[in-house]
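**Student:** Supplied in structure tokens, the structure appears directly below.
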Amino acid sequence: MKNFFIILTTLLGLTTYAQIQKGIVVDNDGTPIENAYINNISSESHAHTNEFGMFSIDQTVVGNVLKVNALGFKKMDYTVSGSELRIVLEDAVFRLNEIVIQAKLSAMNVISKIDLQTTPVNSSQEILRKVPGLFIGQHAGGGKAEQLFLRGFDIDHGTDIAISVDGMPVNMVSHAHGQGYADLHFVIPETVEKIDFGKGTYYANKGDFATAGYVAFQTKDKIEKNSIGLELGQFNTLRTVGLFNLLGNQKTQSAYIATEYILTDGPFDSPQNFNRINLLGKYSGILANNSKFSVSASRFSSRWDASGQIPQRLVDNGTISRFGSVDDTEGGSTSRTNVNASLSKPIDENTFVKANAFYSKYDFELYSNFTFFLEDPINGDQIRQKENRTIYGMNAELNKKTKLNNVNVMLQYGMGFRADATKDTELSHTLNRRTTLQQIKLGDIDESNLFSYVNSEFSFGKLMINPAVRLDYFKFNYQDKLITAYKTQTESKVKISPKLNFIYSQNNNLQFYIKSGMGFHSNDTRVVVQNSGEQILPTAIGTDIGTIWKPFPKLIVNSALWYLYLKQEFVYVGDAGVIEPSGKSKRMGFDLGLRYQLNDWFYLDTDANYTYTRSIDEPKGQDYIPLAPDFTSTGGLSFQNLNGFSGGIHYRYLKSRPANEDNSIVAKGYFVSDFNINYKLKNISFGIAIDNLFNTKWNETQFATESRLKNEPTSVEEIHFTPGTPFFMKGKITYTF
């Protein structure tokens, strides 16, 4: 009998210990909180909420106390009293010591969340600057997509970084101006809720262009309060923004409209006459079984004039100022209309699906003159790049958690497609924006990409292993309208991209990782058909070894050593309509980032990135990769909620770098500081923002270019640049109701 009671007690204990509790974590409005951390202080078991706020935690019984915390919310001790747990967290001052380093591939996203909390964005440029190590430059009057730099890449306008918004791709394949062209100006900064980013080739759900990395933006599902804002600044700058909640603070559905209008002449001698208008409408609803559905529609249009890139020699001899021009008839117009519908549906506590379908209508027309009178000494070298594009596609993903022999397993199955139909993609030689002198390229492009991937995570205690593989199929069609006979030139290609990542979490404050994977970026359809489908999806192979560490409660340190190899490719130069071969390249470097909270109000952040970049096949001394940055750094001090005041000062530093293959021409670096301060009085906030606080002379973009002026007998190759903004101050007032 004694033995019977011992066995019965043991069995009951084991049964109790193995119990699993399910629950959901929400805020005061009933909105699910993603990535909340739940810890059972009795059994030391823990869990994280998914994107529906749902979690399941084992070794938990009635009476246990759960410690629950999430970034931006008050910590909470919750006593388990039933089988279905609903935990409501209250808003709180952001505290870095509440950050839990999660054992997942995208753990670095905590950095962007911190930065968004401490220094909210207020311009389209600042959206991209929230990605550590990512630099941008504008060189066409504010209307063209920014030039991007990351991990030793001059990415041009997006060739080696995949950018998306709410699951909708931003990069344009086979674009009239350049492959991967990514214009983010249709995003209203105040609507950005989350920035998901990753560096390298390690992510199965990211395909084309994700070589240096990816950035995925997510817009807000709801606007808590209405607001209207007005900004006025130097150079005839005006910006208005409005966000309007249409359904009030309902628990299960929300809808809002956001709009933005910008005017500016810029600091240039020839006014930019820049204007841009944005409009976004979004509806979100919580359906049965906690499913989430949203649909959004947006419209963006912009027009501008530009002074273009000017040669250094004209500034040096005093012919023009730094803000002058050689051909001030440059400029352009662009527009984009988007419709996007998304559904996230939990099947059970361990399984959910998410999908989105999108449609975009895009127009683009750009006038440039890079070489002045080099090719045409009479009329000049102005070109027009133009296209009309339709994009549509779909993404779908099934996520499932399970256990195999006491090993926690997460599986993702994804699939989707994207189709681009471009009509009359054009490169022409023009005069004064009005006269077409010669059509250099003209044709219709149809490009399709079908993909699928399998991603898995196997958790063995502190170690998580993440094997994955992605499969892409591309179909390229081109109809050249400058040839007499009708003919569709076509090619197709399949690409397999395996990934393998290891994450070791010593505890909630220390994580090590090794990431590896193969990726690619596609090439322009006109290259693909001309090159008979050979070497048109160049492989990128990358490796990261790094750590995320909280040595003290209020300090986060992230560091990584990395290497990236890029196979030979053929590059279409949209500005000239020609193909330039580019050989194999290697990049290796070191990333270091710090986030430190001095107290409840002050935050310190800094990032430093070093890269060694070389062409592999070229002789030593001739193997520099033009404009590839080798050292960059950003950082600053921010403060929030200090007696109604908020603001900060931040810097960005880009070291001088080679502008050509033998480093005989150097692109000058710069150190620029920005400052802002805001004060909130009840429902009204006032602010002042200053770009380039110390009025530094700096070049925002620069290129080694061969050009000839009208009165020059021979051409000259030297730096041509777009000047960076001088001291620029603007005031802002916002009314919330």
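Residue names in the structure tokens use chain letters A, B, ... in the order shown, residue numbers from 1 in each chain, and ligand numbers from 1 in the order shown.
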Tell me, as a list in words, which residues lie within 8 Å of A:Gly207, counting only C-alpha atoms; anything in the same chain fewer than 5 positions away does not count.
**Tutor:**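 Contacts, with the query itself left out: Ala162, Arg470, Asp472, Gly519, Phe520 and His521 of chain A.
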**Student:** Enumerate as a list in words all residues of stretch 185-324 of chain A assigned to alpha helix (DSSP H) by DSSP on the backbone, naming them with the chain letters and numbers the document uses.
**Tutor:**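 The alpha helix (DSSP H) residues within stretch 185-324 of chain A come out as Gln312, Arg313, Leu314, Val315 and Asp316 of chain A.
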**Student:** Please extract the residues of stretch 664-732 of chain A with a backbone DSSP assignment of strand (DSSP E or B) and present them as a VMD selection string.
**Tutor:** chain A and resid 666 to 667 670 to 681 684 to 691 699 to 708 716 to 723 728 to 732
**Student:** Rank A:Asn379, A:Thr264, A:Lys403, A:Ile38 by their smallest atom-to-atom distance to A:Gly233, using only C-alpha atoms, and report the top residue only.
**Tutor:**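 Using only C-alpha atoms, A:Gly233 sits closest to A:Thr264.
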**Student:** Tell me, as a ChimeraX atom specification, which residues lie within 12 Å of A:Ser56, counting only C-alpha atoms; anything in the same chain fewer than 5 positions away does not count.
**Tutor:** /A:19-25,37-40,45-50,83-86,348-351,401-402
**Student:** So that each row is one residue of stretch 17-79 of chain A with an atom at most 8 Å from stretch 251-258 of chain A, can you give its shortest atom pair and the distance in Å to one decimal, using only C-alpha atoms, rows by chain and rising number, as a Markdown table?
**Tutor:**
```
| residue | atom | partner | partner_atom | distance |
| --- | --- | --- | --- | --- |
| A:Asp29 | CA | A:Lys251 | CA | 6.2 |
| A:Gly30 | CA | A:Lys251 | CA | 5.9 |
| A:Thr31 | CA | A:Lys251 | CA | 7.5 |
```
**Student:** Could you give me, as CSV, a per-residue list for stretch 39-152 of chain A showing, wherever an atom lies at most 9 Å from an atom of stretch 586-591 of chain A, the closest pair of atoms and their distance in Å to one decimal, using only C-alpha atoms and sorting by chain then residue number from low to high?
**Tutor:**
```
residue,atom,partner,partner_atom,distance
A:Gly133,CA,A:Asp591,CA,8.1
A:Arg151,CA,A:Gly589,CA,7.5
A:Gly152,CA,A:Arg587,CA,6.6
```
**Student:** Using only all heavy atoms, please write the residues we just selected to a file, as a PDB file, in the first residue's frame.
**Tutor:**
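Saved file selection-v9.pdb follows:
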```
ATOM      1  N   GLY A 133      23.805  50.767 -40.066  1.00  0.00           N
ATOM      2  CA  GLY A 133      24.785  50.565 -41.124  1.00  0.00           C
ATOM      3  C   GLY A 133      24.311  50.939 -42.509  1.00  0.00           C
ATOM      4  O   GLY A 133      25.096  50.921 -43.461  1.00  0.00           O
ATOM      5  N   ARG A 151      27.056  47.433 -46.076  1.00  0.00           N
ATOM      6  CA  ARG A 151      28.029  46.338 -46.045  1.00  0.00           C
ATOM      7  C   ARG A 151      28.957  46.328 -47.255  1.00  0.00           C
ATOM      8  O   ARG A 151      29.146  45.306 -47.920  1.00  0.00           O
ATOM      9  CB  ARG A 151      27.312  44.995 -45.909  1.00  0.00           C
ATOM     10  CG  ARG A 151      26.840  44.719 -44.502  1.00  0.00           C
ATOM     11  CD  ARG A 151      26.664  43.255 -44.199  1.00  0.00           C
ATOM     12  NE  ARG A 151      26.675  43.019 -42.762  1.00  0.00           N
ATOM     13  CZ  ARG A 151      26.536  41.840 -42.196  1.00  0.00           C
ATOM     14  NH1 ARG A 151      26.389  40.765 -42.945  1.00  0.00           N
ATOM     15  NH2 ARG A 151      26.583  41.713 -40.880  1.00  0.00           N
ATOM     16  N   GLY A 152      29.553  47.482 -47.542  1.00  0.00           N
ATOM     17  CA  GLY A 152      30.513  47.545 -48.630  1.00  0.00           C
ATOM     18  C   GLY A 152      29.903  47.546 -50.014  1.00  0.00           C
ATOM     19  O   GLY A 152      30.617  47.430 -51.010  1.00  0.00           O
TER      20      GLY A 152
END
```
**Student:** A:Ser321, A:Thr201, A:Thr525, A:Thr329: which is nearest A:Trp562, counting only C-alpha atoms?
**Tutor:**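 Looking at the shortest contact to A:Trp562, the residue is A:Thr201.
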**Student:** Counting only C-alpha atoms, which residue out of A:Asn507, A:Gln234, A:Thr539, A:Asn405 sits closest to A:Ala210?
**Tutor:** A:Thr539
**Student:** For A:Ala297, find every residue with an atom within 8 Å (counting only C-alpha atoms), except residues of its own chain fewer than 6 positions away, and show them as a PyMOL selection string.
**Tutor:** chain A and resi 280-282+337-340
**Student:** Write the residues of the preceding selection, restricted to C-alpha atoms, as a JSON list (two decimals), in the first residue's frame.
**Tutor:**
```json
[["chain", "number", "residue", "atom", "x", "y", "z"],
["A", 280, "LEU", "CA", -3.13, 56.07, -47.51],
["A", 281, "GLY", "CA", -6.31, 54.42, -46.34],
["A", 282, "LYS", "CA", -6.24, 51.24, -44.24],
["A", 337, "THR", "CA", -0.96, 53.36, -56.77],
["A", 338, "ASN", "CA", -1.07, 50.34, -54.42],
["A", 339, "VAL", "CA", -3.76, 47.98, -53.18],
["A", 340, "ASN", "CA", -2.80, 45.35, -50.61]]
```
**Student:** Need the shell around A:Ser715: protein/DNA/RNA residues with any atom at most 10 Å away, counting only C-alpha atoms. Skip same-chain ones fewer than 6 positions apart. Format as a list in words?
**Tutor:**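 Those residues are Thr371, Phe373, Leu374, Thr705, Glu706, Ser707, Arg708 and Leu709 of chain A.
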**Student:** Would you mind exporting the chosen residues as a PDB file, in the first residue's frame, restricted to N, CA, C and O atoms?
**Tutor:**
```pdb
ATOM      1  N   THR A 371      26.970  63.582 -68.580  1.00  0.00           N
ATOM      2  CA  THR A 371      28.236  63.838 -69.294  1.00  0.00           C
ATOM      3  C   THR A 371      28.224  65.145 -70.072  1.00  0.00           C
ATOM      4  O   THR A 371      29.210  65.508 -70.704  1.00  0.00           O
ATOM      5  N   PHE A 373      28.287  67.423 -72.689  1.00  0.00           N
ATOM      6  CA  PHE A 373      28.446  67.508 -74.147  1.00  0.00           C
ATOM      7  C   PHE A 373      29.500  66.512 -74.639  1.00  0.00           C
ATOM      8  O   PHE A 373      30.147  66.735 -75.647  1.00  0.00           O
ATOM      9  N   LEU A 374      29.646  65.405 -73.919  1.00  0.00           N
ATOM     10  CA  LEU A 374      30.649  64.415 -74.305  1.00  0.00           C
ATOM     11  C   LEU A 374      30.255  63.663 -75.571  1.00  0.00           C
ATOM     12  O   LEU A 374      31.069  63.492 -76.488  1.00  0.00           O
ATOM     13  N   THR A 705      33.167  60.507 -63.041  1.00  0.00           N
ATOM     14  CA  THR A 705      32.476  60.586 -64.327  1.00  0.00           C
ATOM     15  C   THR A 705      33.335  61.317 -65.348  1.00  0.00           C
ATOM     16  O   THR A 705      33.968  62.328 -65.034  1.00  0.00           O
ATOM     17  N   GLU A 706      33.342  60.796 -66.572  1.00  0.00           N
ATOM     18  CA  GLU A 706      34.000  61.485 -67.680  1.00  0.00           C
ATOM     19  C   GLU A 706      32.978  62.402 -68.348  1.00  0.00           C
ATOM     20  O   GLU A 706      31.916  61.947 -68.778  1.00  0.00           O
ATOM     21  N   SER A 707      33.281  63.699 -68.409  1.00  0.00           N
ATOM     22  CA  SER A 707      32.350  64.651 -69.000  1.00  0.00           C
ATOM     23  C   SER A 707      33.111  65.704 -69.804  1.00  0.00           C
ATOM     24  O   SER A 707      34.322  65.865 -69.656  1.00  0.00           O
ATOM     25  N   ARG A 708      32.368  66.413 -70.626  1.00  0.00           N
ATOM     26  CA  ARG A 708      32.955  67.530 -71.386  1.00  0.00           C
ATOM     27  C   ARG A 708      31.942  68.666 -71.410  1.00  0.00           C
ATOM     28  O   ARG A 708      30.759  68.467 -71.700  1.00  0.00           O
ATOM     29  N   LEU A 709      32.431  69.858 -71.078  1.00  0.00           N
ATOM     30  CA  LEU A 709      31.587  71.045 -71.154  1.00  0.00           C
ATOM     31  C   LEU A 709      31.589  71.587 -72.573  1.00  0.00           C
ATOM     32  O   LEU A 709      32.438  71.216 -73.399  1.00  0.00           O
TER      33      LEU A 709
END
```
**Student:** Compile the contact shell of A:Ala70 as a list of chain:residue names: residues with an atom at most 10 Å away, counting only C-alpha atoms, same-chain residues fewer than 3 positions apart removed.
**Tutor:** A:Val25, A:Ile33, A:Glu34, A:Asn35, A:Ala36, A:Tyr37, A:Ile38, A:His48, A:Thr49, A:Phe73, A:Lys74, A:Lys75, A:Met76, A:Leu89, A:Glu90, A:Asp91, A:Ala92, A:Phe94, A:Arg95, A:Glu98, A:Ile99, A:Val100
**Student:** Keeping N, CA, C and O atoms, export the residues of the selection given above as a CSV table (one decimal), in the first residue's frame.
**Tutor:**
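The resulting file, out-v5.csv, is shown below:
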```csv
chain,number,residue,atom,x,y,z
A,25,VAL,N,-1.8,37.7,-24.8
A,25,VAL,CA,-1.4,39.0,-24.1
A,25,VAL,C,-1.9,40.1,-25.0
A,25,VAL,O,-1.6,40.1,-26.2
A,33,ILE,N,-0.3,41.7,-28.4
A,33,ILE,CA,1.1,42.2,-28.2
A,33,ILE,C,2.0,41.0,-28.7
A,33,ILE,O,2.0,40.0,-28.1
A,34,GLU,N,2.8,41.3,-29.7
A,34,GLU,CA,3.7,40.3,-30.2
A,34,GLU,C,5.0,40.4,-29.5
A,34,GLU,O,5.5,41.4,-29.0
A,35,ASN,N,5.7,39.2,-29.3
A,35,ASN,CA,7.0,39.1,-28.7
A,35,ASN,C,7.0,39.5,-27.2
A,35,ASN,O,8.0,39.9,-26.7
A,36,ALA,N,5.9,39.4,-26.5
A,36,ALA,CA,5.9,39.5,-25.1
A,36,ALA,C,6.6,38.2,-24.5
A,36,ALA,O,6.5,37.1,-25.1
A,37,TYR,N,7.3,38.4,-23.4
A,37,TYR,CA,8.0,37.3,-22.8
A,37,TYR,C,7.3,36.9,-21.5
A,37,TYR,O,7.0,37.7,-20.6
A,38,ILE,N,7.0,35.6,-21.4
A,38,ILE,CA,6.3,35.0,-20.3
A,38,ILE,C,7.2,34.0,-19.6
A,38,ILE,O,7.7,33.1,-20.2
A,48,HIS,N,7.1,32.9,-25.7
A,48,HIS,CA,7.0,34.2,-26.3
A,48,HIS,C,5.6,34.2,-27.1
A,48,HIS,O,5.2,33.2,-27.6
A,49,THR,N,5.0,35.4,-27.1
A,49,THR,CA,3.8,35.5,-27.9
A,49,THR,C,4.1,35.6,-29.4
A,49,THR,O,5.1,36.1,-29.8
A,73,PHE,N,5.8,48.4,-22.2
A,73,PHE,CA,4.6,48.1,-21.3
A,73,PHE,C,5.2,47.8,-19.9
A,73,PHE,O,6.3,47.4,-19.7
A,74,LYS,N,4.3,48.0,-18.9
A,74,LYS,CA,4.7,47.7,-17.5
A,74,LYS,C,4.8,46.2,-17.3
A,74,LYS,O,4.0,45.4,-17.8
A,75,LYS,N,5.8,45.9,-16.5
A,75,LYS,CA,5.9,44.5,-16.1
A,75,LYS,C,4.7,44.0,-15.3
A,75,LYS,O,4.1,44.9,-14.6
A,76,MET,N,4.4,42.7,-15.4
A,76,MET,CA,3.2,42.3,-14.6
A,76,MET,C,3.5,40.9,-14.1
A,76,MET,O,4.1,40.0,-14.7
A,89,LEU,N,-1.7,44.1,-20.5
A,89,LEU,CA,-0.5,44.9,-20.1
A,89,LEU,C,-0.8,46.4,-20.3
A,89,LEU,O,-1.5,46.8,-21.2
A,90,GLU,N,-0.3,47.2,-19.4
A,90,GLU,CA,-0.5,48.7,-19.4
A,90,GLU,C,0.7,49.3,-20.0
A,90,GLU,O,1.8,48.9,-19.9
A,91,ASP,N,0.4,50.4,-20.8
A,91,ASP,CA,1.5,51.2,-21.4
A,91,ASP,C,2.5,51.7,-20.3
A,91,ASP,O,2.0,52.0,-19.2
A,92,ALA,N,3.7,51.9,-20.7
A,92,ALA,CA,4.7,52.4,-19.7
A,92,ALA,C,5.8,53.1,-20.5
A,92,ALA,O,6.0,53.0,-21.7
A,94,PHE,N,9.4,53.5,-21.9
A,94,PHE,CA,10.3,52.5,-22.5
A,94,PHE,C,11.5,52.3,-21.5
A,94,PHE,O,12.1,53.3,-21.1
A,95,ARG,N,11.8,51.0,-21.2
A,95,ARG,CA,13.0,50.7,-20.4
A,95,ARG,C,13.8,49.6,-21.0
A,95,ARG,O,13.3,48.5,-21.3
A,98,GLU,N,14.2,45.9,-19.7
A,98,GLU,CA,13.1,45.0,-19.9
A,98,GLU,C,13.2,44.2,-21.2
A,98,GLU,O,12.4,43.3,-21.4
A,99,ILE,N,14.3,44.5,-22.0
A,99,ILE,CA,14.5,43.8,-23.2
A,99,ILE,C,14.9,42.4,-22.9
A,99,ILE,O,15.8,42.1,-22.1
A,100,VAL,N,14.3,41.4,-23.6
A,100,VAL,CA,14.7,40.0,-23.5
A,100,VAL,C,15.3,39.6,-24.9
A,100,VAL,O,14.6,39.8,-25.9
```
**Student:** Let me make sure I understand: among A:Asn609, A:Thr211, A:Glu224, A:Ala560, which one has the smallest atom-to-atom distance to A:Pro538 if we use only C-alpha atoms?
**Tutor:**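 Comparing A:Asn609, A:Thr211, A:Glu224, A:Ala560 against A:Pro538, the winner is A:Thr211.
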**Student:** For A:Phe686, which residue out of A:Leu232, A:Ile665, A:Gly331, A:Leu287 is the nearest one, using only C-alpha atoms?
**Tutor:**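 Counting only C-alpha atoms, the residue closest to A:Phe686 is A:Leu232.
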**Student:** Got a sec: who's within 7 Å of A:Asp154, counting only C-alpha atoms, leaving out chain neighbours fewer than 5 positions off, as a ChimeraX atom specification?
**Tutor:** /A:148-149,627-628
**Student:** Please produce a file of those selected residues containing N, CA and C atoms, as a PDB file, in the first residue's frame.
**Tutor:**
```
ATOM      1  N   LEU A 148      21.740  53.881 -52.100  1.00  0.00           N
ATOM      2  CA  LEU A 148      21.864  53.142 -50.852  1.00  0.00           C
ATOM      3  C   LEU A 148      23.262  52.544 -50.706  1.00  0.00           C
ATOM      4  N   PHE A 149      23.747  52.498 -49.476  1.00  0.00           N
ATOM      5  CA  PHE A 149      25.039  51.895 -49.163  1.00  0.00           C
ATOM      6  C   PHE A 149      24.865  50.989 -47.944  1.00  0.00           C
ATOM      7  N   LEU A 627      33.118  53.408 -55.086  1.00  0.00           N
ATOM      8  CA  LEU A 627      32.118  53.956 -54.159  1.00  0.00           C
ATOM      9  C   LEU A 627      31.713  53.001 -53.046  1.00  0.00           C
ATOM     10  N   ALA A 628      32.375  51.853 -52.942  1.00  0.00           N
ATOM     11  CA  ALA A 628      32.068  50.944 -51.848  1.00  0.00           C
ATOM     12  C   ALA A 628      32.581  51.533 -50.541  1.00  0.00           C
TER      13      ALA A 628
END
```
**Student:** To one decimal in Å, tell me the separation between atom CA of A:Lys130 and atom CA of A:Phe694.
**Tutor:** 22.1 Å
**Student:** In Å, how far is it from atom CA of A:Pro658 to atom CA of A:Pro629?
**Tutor:**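 So the answer is 8.2 Å.
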